[in-house]
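Down below is the structure, laid out as structure tokens.
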Amino acid sequence: MIHFVLLISRQGKVRLTKWYSPYAQKERLKVIRELSGVILTRGPKLCNFVEWRGYKVVYKRYASLYFCMCIDQDDNELEILEIIHHFVEILDRYFGSVCELDLIFNFHKAYYILDEVLIAGELQESSKKTVARLIAAQDSLVETAKEEASSISNIIAQATK
Amino acid sequence: MTSSPSIMESFFQRSLDDLIKSLRSPLLSSSPSHIISKSLDDIRRELRSTDPATKAVALQKLTYLSSLHSVDMSFAAFPVVELLSSPRFAHKKIAYLSASLSFHPGTDVLLLIPNQLRKDLNSPNPFESSLPLEFLSVASTPDLARELTPEIFTLLSSTKTHVKKRAISVIHTFFNLYPDSVRVAFKRLVENLDGSDPTVVSTAIGVFCELASKDPRSYLPLAPEFYRVLVDSKNNWILIKAVKIFGQLVPLEPRLAKRVVDPICEHMRRTGAKSLIFECVRMIVSSLADYESAVRLAVEKIHEFLVDEDPNLRYLGLNVLSILSSVNLWAVIENKEAIIKSLCDADPNIQLEALRLVMAMVSDENVAEISRVLMNYAVKSDPEFCNEILGSILSTCGRNVYELIVDFDWYVSILGEMSRNPNCRMGEEIECQMVDIGTRVKDARPELVRVGRDLLIDPALLGNPLLHHILSAAAWVSGEYIEFSKNPLELMEALLQPRTNLLPPNVRAVYIQSAFKVLVFTLNLYFMERDCIMSSSVVDLLPGVSDSVTETHCLEDCNSAECKVSVEEVKLSVENDDAAVTHSILDNVRLTCESITCMWNLIKLAMELMSGSEEVEIQERARNVLGLIHMLQEIPGFLIQNEVAFERIDPKATELVKLMLDAFSEELGPVPMNAQEKVPVPDGLTLDENLSKLDSVFGDDLPFSHGFSIQGHQHKETDGVPRFNMMNKEELEPLTESTSLLAQHRQRHGLYYLPTENEPESNDYPPANNDLQSLVNLVDAAEDLVKLTEPSKKPNRAKPRPVVIKLDEGNEVRAKTAKSVKDSKDDLISGVVRDILLGDGSKPISSQKSTSNKPPHRRVKEEGDSSSTKSKENVVDTQILIHGSPSSRKSRHRSSGKEKSKSSQDNKEKDGKRQESSRQKTHNDQYSLLFTTLCCYQGEDLEQHLVFFCNSSSYELSSSGFPEESSLVMEVAWNSH
């Protein structure tokens with residue numbers, strides 16, 4: 001099972017964190033610091049696995065972002081690499097050649113997409129098309145809600161309530 | 001007009017984008033932390049707003065700060081809960097996101113949300129119901145799990161796959177938190193394995209994969225279902241999980257192996273997906289290692305991995321190969337080339353794996369060759385990996401008392417070579433091994449002394465703190481085995497060279513002690529030579545006679561020629577600092593009066609300097625040496641400053657030196673770790689008994705040592721209570737007096753000391769050898785041992801392996817048993833789980849047993865305090881219950897699920913039946929355990945558990961035949977209502 005997902009920029013800035021195993025806030029900061037120290041210093045042509053505290057961390061760099069996932073000793077590293085790639089492809093499809101800035105300004109959407117791909121540390125949906133469809137459907141739900149909320153009549157109604 | 005501020009807020013609120021932009025702006029007027037704290041103030045204010053839209057934006061901003069800037073957002077827990085109940089999907093979504101990112105089991109507002117979650121779970125909108133599912137998968141608590149299990153159960157059969165998948169994942173989380181949910185939902189979870197939708201099957205099998213990794217035995221009965229998935233599925237994600245599950249199950253059930261080996265090999269041949277191939281390979285090497293053809297195929301694939309360009313595959317290939325190395329070494333040797341090549345890979349992880357594999361290939365035949373290759377790599381590689389290499393050579397060669405080493409001269413020279421590696425940080429290990437080899441392997445000593453000399457005479461090495469440990473060993477070896485030294489005088493100079501002040505005090509102390517040994521040895525040699533010369537020239541001269549003119553003449557005649565030569569040499573050696581040059585000249589030097597005088601002065605000077613050292617160790621040892629020097633100096637005519645040595649040496653001096661030499665000449669042997677244990681306990685010595693008596697008499701107020709004081713002794717007599725038996729009294733008495741009586745006491749009661757005589761039982765080990773009296777016996781015993789441990793020599797070996805003294809042969813077994821005992825203790829809780837589950841545990845756990853033996857009424861009485869104080873024992877008990885009850889449930893469900901699936905595998909059913917019958921047998925223990933654990937529950941919890949226990953069919957109280965238990969349960973029930 002995946003214990004946590006980290007997205008770290010090349011400068012060591014955190015872009016996304018999702019914890020599927022319980023880690024206290026302090027522990028989380030420590031883990032991030034420790035792992036970014038280990039992973040960011042690794043050269044480009046090395047293998048994508050790091051042994052860490054009895055777990056394995058699988059990471060892959062896409063442009064300026066490192067996608068890291070921490071798994072158990074007997075989990076399949078190659079499978080995790082495929083999951084990372086799967087996630088990146090979905091992000092790419094959604095944002096249209098995704099870049100770091102997209103993930104910063106739409107951090108919540110990155111989370112929503114991740115939640116469609118993974119749940120409880122396991123792959124949830126292996127079809128990119130399905131994920132895209134689900135995300136789009138929810139977006140439209142949110143949008144209609146927003147439109148309703150921001151329509152003038154609504155505001156007036158609220159103000160005069 | 002109460003709402004007007006909220007309108008203003010919503011109009012002028014900074015949006016998320018504004019916040020992010022201000023944080024990222026290159027023209028920062030203030031630091032990011034300032035911006036964050038300012039916006040946190042805004043957010044706090046906005047969160048109090050009554051307008052849900054304002055609140056939602058504020059929450060979103062806070063979530064951003066929390067997840068990307070690690071701001072603590074626990075203060076916003078209540079607004080999150082408020083927003084969860086918003087009817088708008090957009091707000092809900094934001095609220096659920098921040099809830100799943102910030103809530104943890106300790107968050108107190110979790111108590112407020114079960115109803116809201118229930119409402120959302122039952123929502124007709126699948127997107128709305130999937131929100132709480134996601135939240136529950138990361139932030140559930142046992143309470144939430146208990147509350148919401150029915151809802152999740154309903155969703156398990158949802159028509160929307162999207163919701164169903166999430167429900168499956170959540171039910172897995174619930175299983176861990178609230179084991180009773182297993183009883184409710186297990187069957188439906190199993191049904192999902194047969195589903196038509198591959199993504200649902202994928203999620204379900206993922207859950208089983210996780211469950212099986214914790215306790216594989218419980219899922220053996222589901223093997224037919226897993227097998228069907230393994231054979232039918234075409235989806236790689238599913239297949240990987242299925243293969244993984246069988247990797248867990250096959251070691252438990254050998255018959256499964258035969259069934260799955262073919263499909264797995266088939267997948268491996270067919271698929272192009274590396275991840276699936278890798279999973280199959282790993283499964284085969286770890287669980288199907290007996291199937292020759294499968295392993296062959298796996299090794300083929302491994303080879304492909306090893307020569308691949310992708311470093312990931314190379315790494316994994318090596319990784320898998322190392323699993324294989326313990327059983328199928330041929331596979332490793334087949335890929336030797338690729339492994340050796342990986343040693344110089346750019347990736348340290350790959351290097352390490354390769355190193356591990358190389359070390360796995362080492363045998364007594366190739367150890368020299370491999371070490372040579374590795375030493376060359378060590379010189380070339382970076383410091384970190386270099387030390388990994390050196391460390392693994394040291395640990396492999398030193399394994400099991402150097403069992404791999406045949407040629408110790410070679411190994412000792414390797415040790416010397418390692419020491420000269422500039423990156424070497426293995427000083428301590430090398431030190432240990434050098435000393436250890438010195439004591440264990442007689443034949444290696446000359447080489448050790450040679451290597452030690454090379455290290456000692458190099459003044460450059462003294463400045464490297466990493467080498468100080470090694471130098472210490474070199475100094476010790478050179479002093480201890482000085483008789484193998486070609487040139488003691490040179491060694492003495494090396495030991496006393498001025499740069500030794502760079503050494504730490506403990507190493508300097510070793511240097512001084514070694515210098516001491518060298519001095520004594522050299523003096524003795526010198527005296528013997530002179531004696532020899534004299535006795536050869538004057539045959540009839542009696543040893544005690546002195547002051548004879550003829551004698552001195554003879555002496556002069558004999559020595560004069562040599563003396564002149566050696567004087568020059570010694571001068572050379574003093575002047576010339578380059579040790580290597582002096583070495584070649586002085587190799588065959590004879591000890592002369594002049595050279596001895598030279599050494600004498602050198603050591604005197606050095607010791608006088610060091611006797612003023614601040615370090616007590618140095619000071620003391622230097623004084624020891626000086627003591628001998630002064631004593632010898634006082635003997636008239638001992639040292640003659642001129643080269644003309646007319647007088648015969650006073651026999652007193654000879655004797656003195658002989659005495660010292662004797663003190664050093666006893667061999668220091670290795671001490672077995674279990675030496676103390678092997679001392680037989682004498683009859684009638686019952687230490688524990690007497691001590692416990694002592695304890696009861698003196699109580700807590702007297703320190704224990706009082707028992708050994710005179711006061712305590714007298715006190716005993718006045719009391720008239722016989723606290724010690726006669727034997728102990730005798731033993732204790734001398735302790736109360738000065739320690740000088742110890743020796744006397746030892747004579748009288750040798751029985752209680754380490755044996756000084758050669759007892760038949762202790763023949764097979766030398767006693768602890770710091771005792772001078774026992775040294776003679778030590779040598780005898782060691783020699784016996786040497787004979788015993790002499791290995792059967794292989795006939796075709798050019799050079800026989802020297803004898804290595806092994807003492808700890810029995811230790812290994814002991815250590816193993818100790819370990820297994822420890823393991824069983826660690827497994828206490830999971831062991832109980834399995835006992836209850838499978839009914840094969842005949843050994844109850846002592847602590848539980850003892851509590852359950854108490855009369856029932858007492859236990860019920862204790863119920864209140866024990867659960868409130870939450871003593872350690874009870875915490876353990878609770879855990880047992882939490883783990884224990886699901887398993888019992890699981891087992892039942894398993895069997896029912898199995899019946900439903902109408903599996904054709906009869907043997908499985910038989911297994912199940914056997915388990916069932918043995919389960920009955922151990923009911924007794926289970927009852928006591930369960931009811932003890934029940935006592936930890938109070939109120940509602942207790943009630944629920946009781947109802948569950950009473951309902952469950954396998955616990956028929958009336959027919960159990962244990963009145964104690966049934967009365968207990970009644971009492972517990974009565975108390976709780």
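In the structure tokens, each chain is lettered A, B, ... as it comes, each chain's residues begin at 1, and ligands are numbered from 1 in order of appearance.
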For chain A, which residues have at least one atom within 6 Å of chain B, if we go by only C-alpha atoms? Write them as a PDB file with C-alpha atoms, in the first residue's frame, please.
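What ended up in selection_5.pdb:
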```pdb
ATOM      1  CA  VAL A  14       6.235  20.995  -1.292  1.00  0.00           C
ATOM      2  CA  ARG A  15       3.542  21.069  -3.956  1.00  0.00           C
ATOM      3  CA  TYR A  20      -2.700   7.464   3.658  1.00  0.00           C
ATOM      4  CA  LEU A  46      20.098   6.572 -11.242  1.00  0.00           C
ATOM      5  CA  CYS A  47      17.359   4.166 -10.371  1.00  0.00           C
ATOM      6  CA  LEU A  78       7.457  -0.878 -11.165  1.00  0.00           C
ATOM      7  CA  GLU A  79       3.739  -0.851 -10.539  1.00  0.00           C
ATOM      8  CA  ALA A 120      -6.665   4.506   0.801  1.00  0.00           C
ATOM      9  CA  VAL A 142     -19.257  22.961  -8.831  1.00  0.00           C
TER      10      VAL A 142
END
```
Distance query Leu249 of chain B at most 10 Å, only C-alpha atoms, self and fewer than 6 positions along chain excluded, as a ChimeraX atom specification: /B:212-213,215-221,223,243,256-257,287
Residue neighbourhood Ile135 of chain A, 10 Å, only C-alpha atoms, exclusion window fewer than 2 positions, as a list in words: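 Everything that qualifies: Tyr94, Lys109, Tyr112, Ile113, Glu116, Lys129, Thr130, Val131, Ala132, Arg133, Ala137, Gln138, Asp139, Ser140 and Leu141 of chain A; Phe127 of chain B.
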From the options B:Asn122, B:Asn524, B:Gln497, B:Asn319, which residue's atoms come nearest to Met607 of chain B, counting only C-alpha atoms? B:Gln497
I need the strand (DSSP E) residues of segment 16-159 of chain A per DSSP on the backbone, written as number ranges by chain. A: 16-19, 49-52, 55-62, 65-71, 118-119, 122-123
Hey, what does DSSP flag as alpha helix (DSSP H) within chain A? Can you give it to me as a PyMOL selection string? chain A and resi 25-40+77-95+100-105+107-117+128-150+152-159
Considering only C-alpha atoms, return as a PyMOL selection string whatever protein or nucleic-acid residues lie within 12 Å of segment 31-37 of chain A, sequence-local ones (same chain, fewer than 3 positions apart) excluded. (chain A and resi 3-19+23-28+40-42+49-53+55-59+65-70) or (chain B and resi 67-70)
List the spatial neighbours of Gly54 of chain A as a PyMOL selection string - criterion: any atom at most 10 Å away, only C-alpha atoms, same-chain residues fewer than 6 positions off excluded. chain A and resi 71-73
Kindly save the residues from that selection, with all heavy atoms included, as an mmCIF file, in the first residue's frame.
```
data_model
loop_
_atom_site.group_PDB
_atom_site.id
_atom_site.type_symbol
_atom_site.label_atom_id
_atom_site.label_comp_id
_atom_site.auth_asym_id
_atom_site.auth_seq_id
_atom_site.Cartn_x
_atom_site.Cartn_y
_atom_site.Cartn_z
ATOM 1 N N ILE A 71 6.192 3.171 -0.217
ATOM 2 C CA ILE A 71 5.482 1.889 -0.203
ATOM 3 C C ILE A 71 6.172 0.904 0.726
ATOM 4 O O ILE A 71 7.280 1.145 1.196
ATOM 5 C CB ILE A 71 5.409 1.282 -1.627
ATOM 6 C CG1 ILE A 71 6.802 1.237 -2.240
ATOM 7 C CG2 ILE A 71 4.463 2.070 -2.482
ATOM 8 C CD1 ILE A 71 6.863 0.467 -3.522
ATOM 9 N N ASP A 72 5.523 -0.228 0.944
ATOM 10 C CA ASP A 72 6.090 -1.271 1.794
ATOM 11 C C ASP A 72 7.199 -2.015 1.065
ATOM 12 O O ASP A 72 7.313 -1.952 -0.165
ATOM 13 C CB ASP A 72 5.000 -2.273 2.183
ATOM 14 C CG ASP A 72 4.050 -1.692 3.198
ATOM 15 O OD1 ASP A 72 4.528 -1.005 4.103
ATOM 16 O OD2 ASP A 72 2.827 -1.909 3.061
ATOM 17 N N GLN A 73 7.975 -2.762 1.859
ATOM 18 C CA GLN A 73 9.101 -3.501 1.291
ATOM 19 C C GLN A 73 8.683 -4.447 0.170
ATOM 20 O O GLN A 73 9.378 -4.570 -0.822
ATOM 21 C CB GLN A 73 9.796 -4.310 2.388
ATOM 22 C CG GLN A 73 10.847 -3.557 3.152
ATOM 23 C CD GLN A 73 12.011 -3.111 2.284
ATOM 24 O OE1 GLN A 73 12.296 -3.704 1.248
ATOM 25 N NE2 GLN A 73 12.672 -2.052 2.701
#
```
Write out as a ChimeraX atom specification each polymer residue whose atoms come within 12 Å of Leu288 of chain B, counting only C-alpha atoms; drop sequence neighbours fewer than 6 positions from it. /B:243,246-262,264-265,280-282,294-298,323-324,327-328
Selection file, C-alpha atoms, as a compact mmCIF listing (two decimals), in the first residue's frame:
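Result file follows (out_19.txt):
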```
# COMPACT_ATOMS: atom_id res chain seq x y z
CA VAL B 243 0.34 -13.01 -7.81
CA PHE B 246 -0.30 -16.26 -3.83
CA GLY B 247 3.19 -15.26 -2.82
CA GLN B 248 1.79 -15.05 0.70
CA LEU B 249 -0.37 -18.16 0.57
CA VAL B 250 1.91 -20.66 -1.15
CA PRO B 251 4.46 -20.97 1.68
CA LEU B 252 1.59 -21.91 3.99
CA GLU B 253 -0.01 -24.47 1.72
CA PRO B 254 2.45 -26.43 -0.44
CA ARG B 255 -0.34 -27.98 -2.52
CA LEU B 256 -1.19 -24.56 -3.87
CA ALA B 257 2.23 -24.24 -5.39
CA LYS B 258 1.58 -26.97 -7.91
CA ARG B 259 -1.60 -25.29 -9.06
CA VAL B 260 -0.27 -21.79 -9.48
CA VAL B 261 3.15 -22.45 -10.91
CA ASP B 262 1.86 -22.95 -14.44
CA ILE B 264 2.32 -17.74 -13.27
CA CYS B 265 4.91 -18.97 -15.73
CA CYS B 280 6.04 -13.11 -11.02
CA VAL B 281 9.81 -13.38 -10.78
CA ARG B 282 9.76 -12.24 -7.22
CA ALA B 294 9.95 -21.91 -13.02
CA VAL B 295 13.16 -20.79 -11.37
CA ARG B 296 14.98 -21.26 -14.67
CA LEU B 297 12.48 -19.03 -16.38
CA ALA B 298 12.72 -16.48 -13.60
CA ILE B 323 16.60 -13.34 -2.49
CA LEU B 324 17.63 -16.25 -4.64
CA VAL B 327 18.94 -21.29 -1.97
CA ASN B 328 19.99 -21.19 -5.59
```
